[in-house]
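Visitor: Have a look at this one before I ask anything.
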Amino acid sequence: MNLNYKFMLEDIPVVLKALPVTLELTFISLFFALVVAAIFGIFILKKVPVVYHLVIALNTFIKGIPLIVQLLFCYYALPYILRMFEGFLGYHYDQKHPSYFAFAVVAFAFNYGAYLTDVVVSSYRAVEREQLEAAYSIGMGVWKAHIFIIIPQAVVIALPNLANYFMWLLKATSLASVVNVFELLSTARASTAVNYAILEGYLVAAGIYWIVCIVVERGLLYLNRRMSRYRGEVKAV
């Protein structure tokens, strides 16, 4: 097998130009996924009547549908929904220039938010209830006790799982090409259209994904060690 190494070297900077889009899509989607997970988690933990069962059903439904199907659903359904708000408070939906990036974010946020809901709930429940009772005994209110004692420890407990989902989300952004988002993989595929060096283009994309994942993994491992040390200090106190 003879690979076109010259093309691969020339293709690296071309594909790298799309890396910021991939990272932006990953971080924005993760942020909103955490928002979704936090909202779902609160309803589950508080067992709000009716809403609790609706959230459980919605969470199960989202996790039972392939991500690519959810991407396509957002791609075709969201424009109809947005057009319903045409003229509301001066809102105008531009049909000629739809925000494919935003559609992808919505799909990723709800998909990964459903999975992160389990992480939020299990991490919160893993914090010893005695600490909450101790906070109440020294005059702390509910919100203050949660913000300064429970939530920081729950974040530390959740961090390894959050790191794994971040890595999976980073790689899953390659599916955004099906909804016309020109991220890393779709850019690599487009760059091969001239000389049909398909394999070379995908190898370049794979190499960039691999390097980025290594860097991110090292950073997350370092952060996890630091946060674990913090939790040990809190327990010692």
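Chain labels A, B, ... are given in the sequence in which chains occur in the structure tokens; within each chain residues are numbered consecutively from 1, and ligands are likewise numbered from 1 in the order shown.
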Might you pull out every residue within 9 Å of region 42-59 of chain A, with only C-alpha atoms counted and same-chain residues fewer than 2 positions away left off, and present them as a list in words?
Guide: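 After dropping sequence-adjacent residues, the list is Ala37, Ala38, Ile39, Phe40, Phe61, Ile62, Lys63, Gly64, Phe110, Asn111, Gly113, Ala114, Tyr115, Thr117, Val120, Val121, Tyr124 and Arg125 of chain A.
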Visitor: List the neighbours of Val69 (chain A) out to 10 Å using only C-alpha atoms; skip same-chain residues closer than 5 positions along the sequence, and give me the result as a list of chain:residue names.
Guide: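 Residues meeting the cut-off are A:Cys74, A:Tyr75, A:Ala107.
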Visitor: May I ask which of the residues A:Gly207, A:Gly201, A:Pro152, A:Gly41 is the closest one to Glu10 (chain A), counting only C-alpha atoms?
Guide: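 Nearest to Glu10 (chain A): A:Gly201.
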Visitor: DSSP on the backbone, helix (DSSP H, G or I) only: what residues of region 28-232 of chain A does that give? Format it as JSON, numbers by chain.
Guide: {"A": [28, 29, 30, 31, 32, 33, 34, 35, 36, 37, 38, 39, 40, 41, 42, 43, 44, 45, 46, 51, 52, 53, 54, 55, 56, 57, 58, 59, 60, 61, 62, 63, 67, 68, 69, 70, 71, 72, 73, 74, 75, 76, 77, 78, 79, 80, 81, 82, 83, 84, 88, 89, 90, 100, 101, 102, 103, 104, 105, 106, 107, 108, 109, 110, 111, 112, 113, 114, 115, 116, 117, 118, 119, 120, 121, 122, 123, 124, 125, 126, 129, 130, 131, 132, 133, 134, 135, 136, 137, 142, 143, 144, 145, 146, 147, 148, 149, 150, 151, 152, 153, 154, 155, 156, 157, 158, 159, 160, 161, 162, 163, 164, 165, 166, 167, 168, 169, 170, 171, 172, 173, 174, 175, 176, 177, 178, 179, 184, 185, 186, 187, 188, 189, 190, 191, 198, 199, 200, 201, 202, 203, 204, 205, 206, 207, 208, 209, 210, 211, 212, 213, 214, 215, 216, 217, 218, 219, 220, 221, 222, 223, 224, 225, 226, 227, 228, 229, 230, 231, 232]}
Visitor: Between CA of Phe101 (chain A) and CA of Val119 (chain A), measure the distance and give it in Å to one decimal.
Guide: 26.2 Å
Visitor: Between A:Gly141, A:Leu34, A:Glu200, A:Val155, which one has atoms that come closest to Leu223 (chain A), using only C-alpha atoms?
Guide: A:Val155
Visitor: Calculated over only C-alpha atoms, which of the candidates A:Leu159, A:Leu170, A:Val204, A:Val127 has the smallest distance to Tyr222 (chain A)?
Guide: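 Nearest to Tyr222 (chain A): A:Leu159.
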Visitor: Find the residue from A:Ile211, A:Met84, A:Ile157, A:Val181 that sits nearest to Ser123 (chain A); use only C-alpha atoms when measuring.
Guide: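 Once distances to Ser123 (chain A) are computed over only C-alpha atoms, the minimum belongs to A:Ile157.
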Visitor: Any idea what's packed within 8 Å of region 187-196 of chain A, counting only C-alpha atoms, ignoring anything in its chain fewer than 6 positions away? Could you give it as number ranges by chain?
Guide: A: 11, 14-15, 18, 202, 204-205
Visitor: Residues of the last selection are to be written out with C-alpha atoms, as a tab-separated table (two decimals), in the first residue's frame.
Guide:
```tsv
chain	number	residue	atom	x	y	z
A	11	ASP	CA	-3.32	18.24	4.66
A	14	VAL	CA	-5.87	22.28	6.43
A	15	VAL	CA	-7.60	19.89	8.81
A	18	ALA	CA	-11.32	22.94	11.79
A	202	TYR	CA	-8.91	9.99	7.30
A	204	VAL	CA	-4.70	12.71	9.21
A	205	ALA	CA	-8.02	13.23	10.99
```
Visitor: Got a sec: who's within 9 Å of region 214-221 of chain A, counting only C-alpha atoms, leaving out chain neighbours fewer than 4 positions off, as a PDB file with C-alpha atoms, in the first residue's frame?
Guide:
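In the end it all went to result_39.pdb:
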```pdb
ATOM      1  CA  LEU A 159     -15.044  14.196  37.891  1.00  0.00           C
ATOM      2  CA  PRO A 160     -13.750  10.816  36.597  1.00  0.00           C
ATOM      3  CA  ALA A 163     -13.847  13.252  32.116  1.00  0.00           C
ATOM      4  CA  ASN A 164     -14.899  10.061  30.333  1.00  0.00           C
ATOM      5  CA  MET A 167     -13.709  12.376  25.830  1.00  0.00           C
ATOM      6  CA  TYR A 209      -8.096  13.217  17.195  1.00  0.00           C
ATOM      7  CA  TRP A 210      -5.598  10.886  18.867  1.00  0.00           C
ATOM      8  CA  ARG A 225      -5.573  14.118  41.149  1.00  0.00           C
ATOM      9  CA  ARG A 226      -5.730  17.691  42.394  1.00  0.00           C
TER      10      ARG A 226
END
```
Visitor: How many Å separate CA of Lys6 (chain A) from CA of Ile198 (chain A)?
Guide: 13.7 Å
Visitor: Please determine, counting only C-alpha atoms, which residue among A:Met140, A:Ala206, A:Val106, A:Leu19 has the shortest atom-to-atom distance to Ala33 (chain A).
Guide: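 Closest candidate: A:Val106.
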Visitor: Grab the CA of Phe182 (chain A) to CA of Ala77 (chain A) distance for me, in Å with one decimal place.
Guide: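 Rounded to one decimal, the two atoms are 20.2 Å apart.
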